[in-house]
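Content type mmCIF, C-alpha atoms, from the file query.cif:
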```
data_protein
#
loop_
_atom_site.label_atom_id
_atom_site.label_comp_id
_atom_site.auth_asym_id
_atom_site.auth_seq_id
_atom_site.Cartn_x
_atom_site.Cartn_y
_atom_site.Cartn_z
CA MET A 9 16.61 -3.66 9.50
CA ALA A 10 19.97 -3.56 7.75
CA LYS A 11 18.99 -2.58 4.24
CA ALA A 12 16.06 -0.46 3.14
CA VAL A 13 12.82 -2.27 2.36
CA LYS A 14 11.75 -1.37 -1.17
CA ILE A 15 7.98 -1.08 -1.60
CA LEU A 16 6.22 -0.39 -4.87
CA LEU A 17 2.49 0.39 -4.85
CA ALA A 18 0.59 0.75 -8.11
CA GLY A 19 -3.04 1.30 -9.01
CA GLU A 20 -5.37 3.47 -10.98
CA GLY A 21 -5.34 7.19 -10.29
CA GLY A 22 -7.77 7.87 -7.44
CA GLN A 23 -7.27 4.53 -5.64
CA GLY A 24 -5.18 6.20 -2.94
CA VAL A 25 -1.80 4.66 -3.77
CA GLN A 26 0.04 7.96 -3.21
CA SER A 27 -1.79 8.68 0.04
CA VAL A 28 -0.86 5.27 1.45
CA ALA A 29 2.81 5.71 0.55
CA GLU A 30 2.85 9.20 2.06
CA ILE A 31 1.23 8.02 5.32
CA ILE A 32 3.64 5.08 5.67
CA ALA A 33 6.64 7.35 5.00
CA GLU A 34 5.38 9.83 7.61
CA ALA A 35 4.95 7.06 10.18
CA ALA A 36 8.46 5.74 9.47
CA ASN A 37 9.94 9.22 9.92
CA GLU A 38 8.10 9.58 13.22
CA GLU A 39 9.70 6.29 14.35
CA GLY A 40 13.11 7.81 13.55
CA ARG A 41 13.60 5.71 10.43
CA GLU A 42 14.84 6.80 7.04
CA ALA A 43 12.01 6.99 4.52
CA LEU A 44 11.98 8.04 0.91
CA TYR A 45 8.77 8.31 -1.09
CA ILE A 46 8.66 9.20 -4.78
CA PRO A 47 5.32 9.49 -6.61
CA ASN A 48 5.12 8.62 -10.30
CA PHE A 49 2.01 9.19 -12.36
CA GLY A 50 1.12 10.32 -15.82
CA VAL A 51 -0.60 13.54 -16.76
CA GLU A 52 -3.93 12.16 -15.60
CA GLN A 53 -4.37 12.23 -11.84
CA ARG A 54 -7.40 9.98 -12.27
CA GLY A 55 -7.62 7.28 -14.85
CA GLY A 56 -3.91 6.62 -15.33
CA VAL A 57 -1.68 4.13 -13.53
CA SER A 58 -0.19 5.70 -10.44
CA ILE A 59 3.02 4.26 -8.97
CA ALA A 60 4.55 5.06 -5.59
CA TYR A 61 8.17 4.13 -4.85
CA LEU A 62 8.74 3.86 -1.12
CA GLN A 63 11.88 2.86 0.74
CA ILE A 64 12.23 2.55 4.49
CA GLY A 65 15.37 1.67 6.42
CA ASP A 66 17.71 2.59 9.20
CA GLU A 67 20.53 3.94 7.03
CA PRO A 68 20.42 6.86 4.57
CA ILE A 69 18.78 5.88 1.27
CA GLY A 70 20.83 6.75 -1.80
CA ALA A 71 18.58 6.52 -4.85
CA PRO A 72 14.87 7.40 -5.00
CA LYS A 73 13.84 4.70 -7.49
CA PHE A 74 14.82 1.05 -7.67
CA GLN A 75 14.84 -1.82 -10.14
CA THR A 76 13.43 -4.59 -7.90
CA GLY A 77 11.00 -4.28 -5.02
CA ASP A 78 10.90 -6.38 -1.87
CA ILE A 79 7.14 -6.08 -2.08
CA VAL A 80 5.11 -5.01 -5.10
CA ILE A 81 1.41 -4.28 -4.74
CA ALA A 82 -0.82 -4.03 -7.83
CA LEU A 83 -4.38 -2.82 -7.42
CA SER A 84 -5.66 -2.95 -11.02
CA ASP A 85 -5.17 -4.99 -14.16
CA ARG A 86 -3.07 -2.25 -15.74
CA ALA A 87 -1.00 -2.02 -12.56
CA VAL A 88 -0.29 -5.78 -12.73
CA HIS A 89 1.09 -5.28 -16.23
CA ARG A 90 3.08 -2.15 -15.31
CA THR A 91 4.73 -3.61 -12.20
CA ARG A 92 6.00 -6.95 -13.49
CA GLN A 93 9.35 -5.35 -14.34
CA TYR A 94 9.96 -4.58 -10.64
CA VAL A 95 9.59 -8.21 -9.51
CA GLY A 96 12.61 -10.39 -8.74
CA PRO A 97 13.17 -13.78 -7.11
CA GLN A 98 12.87 -12.33 -3.58
CA THR A 99 9.81 -10.15 -4.28
CA LEU A 100 6.46 -10.67 -2.59
CA PHE A 101 3.85 -9.76 -5.22
CA VAL A 102 0.47 -8.77 -3.79
CA TYR A 103 -2.56 -8.06 -5.93
CA ASP A 104 -6.28 -7.66 -5.41
CA SER A 105 -8.01 -10.99 -5.98
CA SER A 106 -10.99 -9.32 -7.67
CA ILE A 107 -8.85 -8.33 -10.66
CA GLU A 108 -9.90 -10.51 -13.58
CA GLY A 109 -8.01 -11.57 -16.66
CA VAL A 110 -4.47 -11.18 -15.29
CA ASP A 111 -3.50 -14.79 -14.65
CA ASP A 112 -1.16 -14.78 -17.66
CA ALA A 113 0.30 -11.41 -16.61
CA LEU A 114 1.24 -12.36 -13.05
CA PRO A 115 5.01 -12.45 -12.57
CA THR A 116 6.49 -15.94 -12.69
CA GLN A 117 9.76 -15.08 -10.96
CA ALA A 118 8.31 -13.74 -7.66
CA ARG A 119 9.17 -15.42 -4.35
CA LYS A 120 5.45 -15.52 -3.58
CA ILE A 121 2.28 -14.27 -5.23
CA LEU A 122 -0.38 -13.24 -2.76
CA PRO A 123 -3.94 -12.46 -3.90
CA ILE A 124 -5.97 -10.63 -1.24
CA PRO A 125 -9.65 -9.54 -1.41
CA ALA A 126 -9.07 -5.90 -0.39
CA ILE A 127 -11.71 -4.39 -2.69
CA ASP A 128 -14.37 -6.92 -1.66
CA VAL A 129 -13.61 -6.48 2.04
CA SER A 130 -13.75 -2.70 1.81
CA LYS A 131 -17.04 -2.78 -0.13
CA LYS A 132 -18.83 -5.50 1.87
CA GLU A 133 -17.49 -5.04 5.39
CA LEU A 134 -16.33 -1.44 5.65
CA HIS A 135 -16.73 1.28 3.02
CA PRO A 136 -15.23 1.58 -0.49
CA ARG A 137 -13.42 4.79 0.47
CA VAL A 138 -11.17 2.97 2.98
CA PHE A 139 -9.85 0.53 0.37
CA ASN A 140 -6.44 2.25 0.42
CA ILE A 141 -6.20 1.90 4.20
CA VAL A 142 -6.91 -1.84 3.86
CA ILE A 143 -3.94 -1.93 1.47
CA MET A 144 -1.85 0.04 3.96
CA GLY A 145 -2.57 -2.61 6.61
CA ALA A 146 -1.50 -5.30 4.15
CA VAL A 147 1.81 -3.51 3.48
CA ILE A 148 2.51 -3.08 7.19
CA LYS A 149 1.82 -6.73 7.98
CA ALA A 150 3.81 -8.04 5.01
CA THR A 151 6.87 -5.86 5.65
CA GLY A 152 6.90 -4.85 9.32
CA VAL A 153 8.36 -1.47 8.29
CA ILE A 154 6.33 0.50 10.84
CA SER A 155 4.38 -0.21 13.99
CA VAL A 156 0.58 -0.25 14.02
CA GLU A 157 0.63 2.51 16.64
CA GLU A 158 2.73 4.79 14.45
CA ALA A 159 0.53 3.96 11.44
CA LYS A 160 -2.57 5.03 13.38
CA LYS A 161 -0.87 8.28 14.46
CA ALA A 162 0.06 9.02 10.83
CA ILE A 163 -3.51 8.31 9.67
CA GLU A 164 -4.74 10.63 12.41
CA LYS A 165 -2.33 13.33 11.27
CA LYS A 166 -3.38 13.01 7.61
CA LEU A 167 -7.14 12.59 8.15
CA GLY A 168 -7.72 14.13 11.57
CA TYR A 169 -9.64 17.07 10.13
CA LYS A 170 -12.16 14.59 8.67
CA PHE A 171 -12.35 12.68 11.96
CA GLU A 172 -13.28 15.90 13.77
CA LYS A 173 -16.29 16.31 11.49
CA ASN A 174 -17.25 12.63 11.68
CA PRO A 175 -15.64 10.67 14.55
CA LYS A 176 -16.94 7.35 13.14
CA LEU A 177 -14.45 7.73 10.27
CA ARG A 178 -11.55 7.24 12.73
CA GLU A 179 -12.91 3.87 13.83
CA LEU A 180 -13.65 2.90 10.21
CA ASN A 181 -10.10 3.73 9.05
CA PHE A 182 -8.49 1.95 12.00
CA ARG A 183 -10.66 -1.12 11.37
CA ALA A 184 -9.63 -1.02 7.68
CA LEU A 185 -5.98 -0.98 8.74
CA GLU A 186 -6.54 -4.02 10.96
CA ARG A 187 -8.47 -5.89 8.24
CA GLY A 188 -5.64 -5.35 5.77
CA MET A 189 -3.22 -6.84 8.27
CA GLU A 190 -5.57 -9.79 8.84
CA LEU A 191 -5.88 -10.45 5.08
CA VAL A 192 -2.12 -10.82 4.72
CA ALA A 193 -1.83 -12.91 7.90
CA GLN A 194 -4.49 -15.30 6.57
CA ALA A 195 -2.90 -15.53 3.11
CA ILE A 196 0.65 -16.12 4.33
#
```
What's the structure tokens form of this structure?
Amino acid sequence: MAKAVKILLAGEGGQGVQSVAEIIAEAANEEGREALYIPNFGVEQRGGVSIAYLQIGDEPIGAPKFQTGDIVIALSDRAVHRTRQYVGPQTLFVYDSSIEGVDDALPTQARKILPIPAIDVSKKELHPRVFNIVIMGAVIKATGVISVEEAKKAIEKKLGYKFEKNPKLRELNFRALERGMELVAQAI
């Protein structure tokens, strides 16, 4: 990968946007890649739009924030509105297909707009709490910035203490990662 892949994740506070960015950055570092993650959220940790700027590449990364993302992921209606400014002609714009009333707000200049049913899949097939890991799988499949193996190791590192208490959570999180990858593969 010659240039850094610029990833912007945005959602409501509490949706796990920052956790996903942190886990992906950790996995990239473990693969020997350059990774830079910058969180951006308002004074409210819950209830406000939370944005994570994430860049992964093989060369040192100069600036923490960027004007245009290679992939922009919006997980709420407010996030769709807030992230349009980061979309350019080469951007893949991913949003949750359950978000209503945003058709007029979707960016018109994106290379591709990809609605995926991450919230529905997490609620109906898995568990609502693994929604962010479904999104992580979608990011990995859409960008190829890290391997699935390294992603699983990073999830283990971040959530291992919970897995010790309830080993079924490991399987649930790994299945969520795989489902997120499948959702993007089906949509592309």
Kindly resolve the PyMOL selection byres ((chain A and resi 38-49) around 9) on the present coordinates and return the residues as an MDAnalysis selection string. chainID A and resid 12 21 26 29:30 32:37 50:53 56:69 71:73 154:155 158 162
Check the smallest atom-to-atom distance from each of A:Tyr103, A:Phe139, A:Phe171, A:Phe182 to Ala18 (chain A) using all atoms listed in the file, then report the winner. A:Tyr103
Counting only C-alpha atoms, the residue of A:Ala184, A:Ile196, A:Leu122, A:Val88 that sits nearest Val102 (chain A):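 For Val102 (chain A), the nearest of the candidates is A:Leu122.
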Return as a count of residues only the set of residues that the PyMOL selection byres ((chain A and resi 83) around 6) yields on the displayed structure. 5
CA of Gly77 (chain A) to CA of Glu157 (chain A) measures 25.0 Å
Using the chain letters and numbers from the file, which residues does the PyMOL selection byres ((chain A and resi 93-101) around 10) grab, as a PyMOL selection string? chain A and resi 14-16+74-82+88-92+102-103+114-123+150-151
In Å to one decimal, how far is CA of Ser105 (chain A) from CA of Arg86 (chain A)? 14.0 Å
Distance CA of Lys11 (chain A)-CA of Met144 (chain A), one decimal place?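 Going from CA of Lys11 (chain A) over to CA of Met144 (chain A), I get 21.0 Å.
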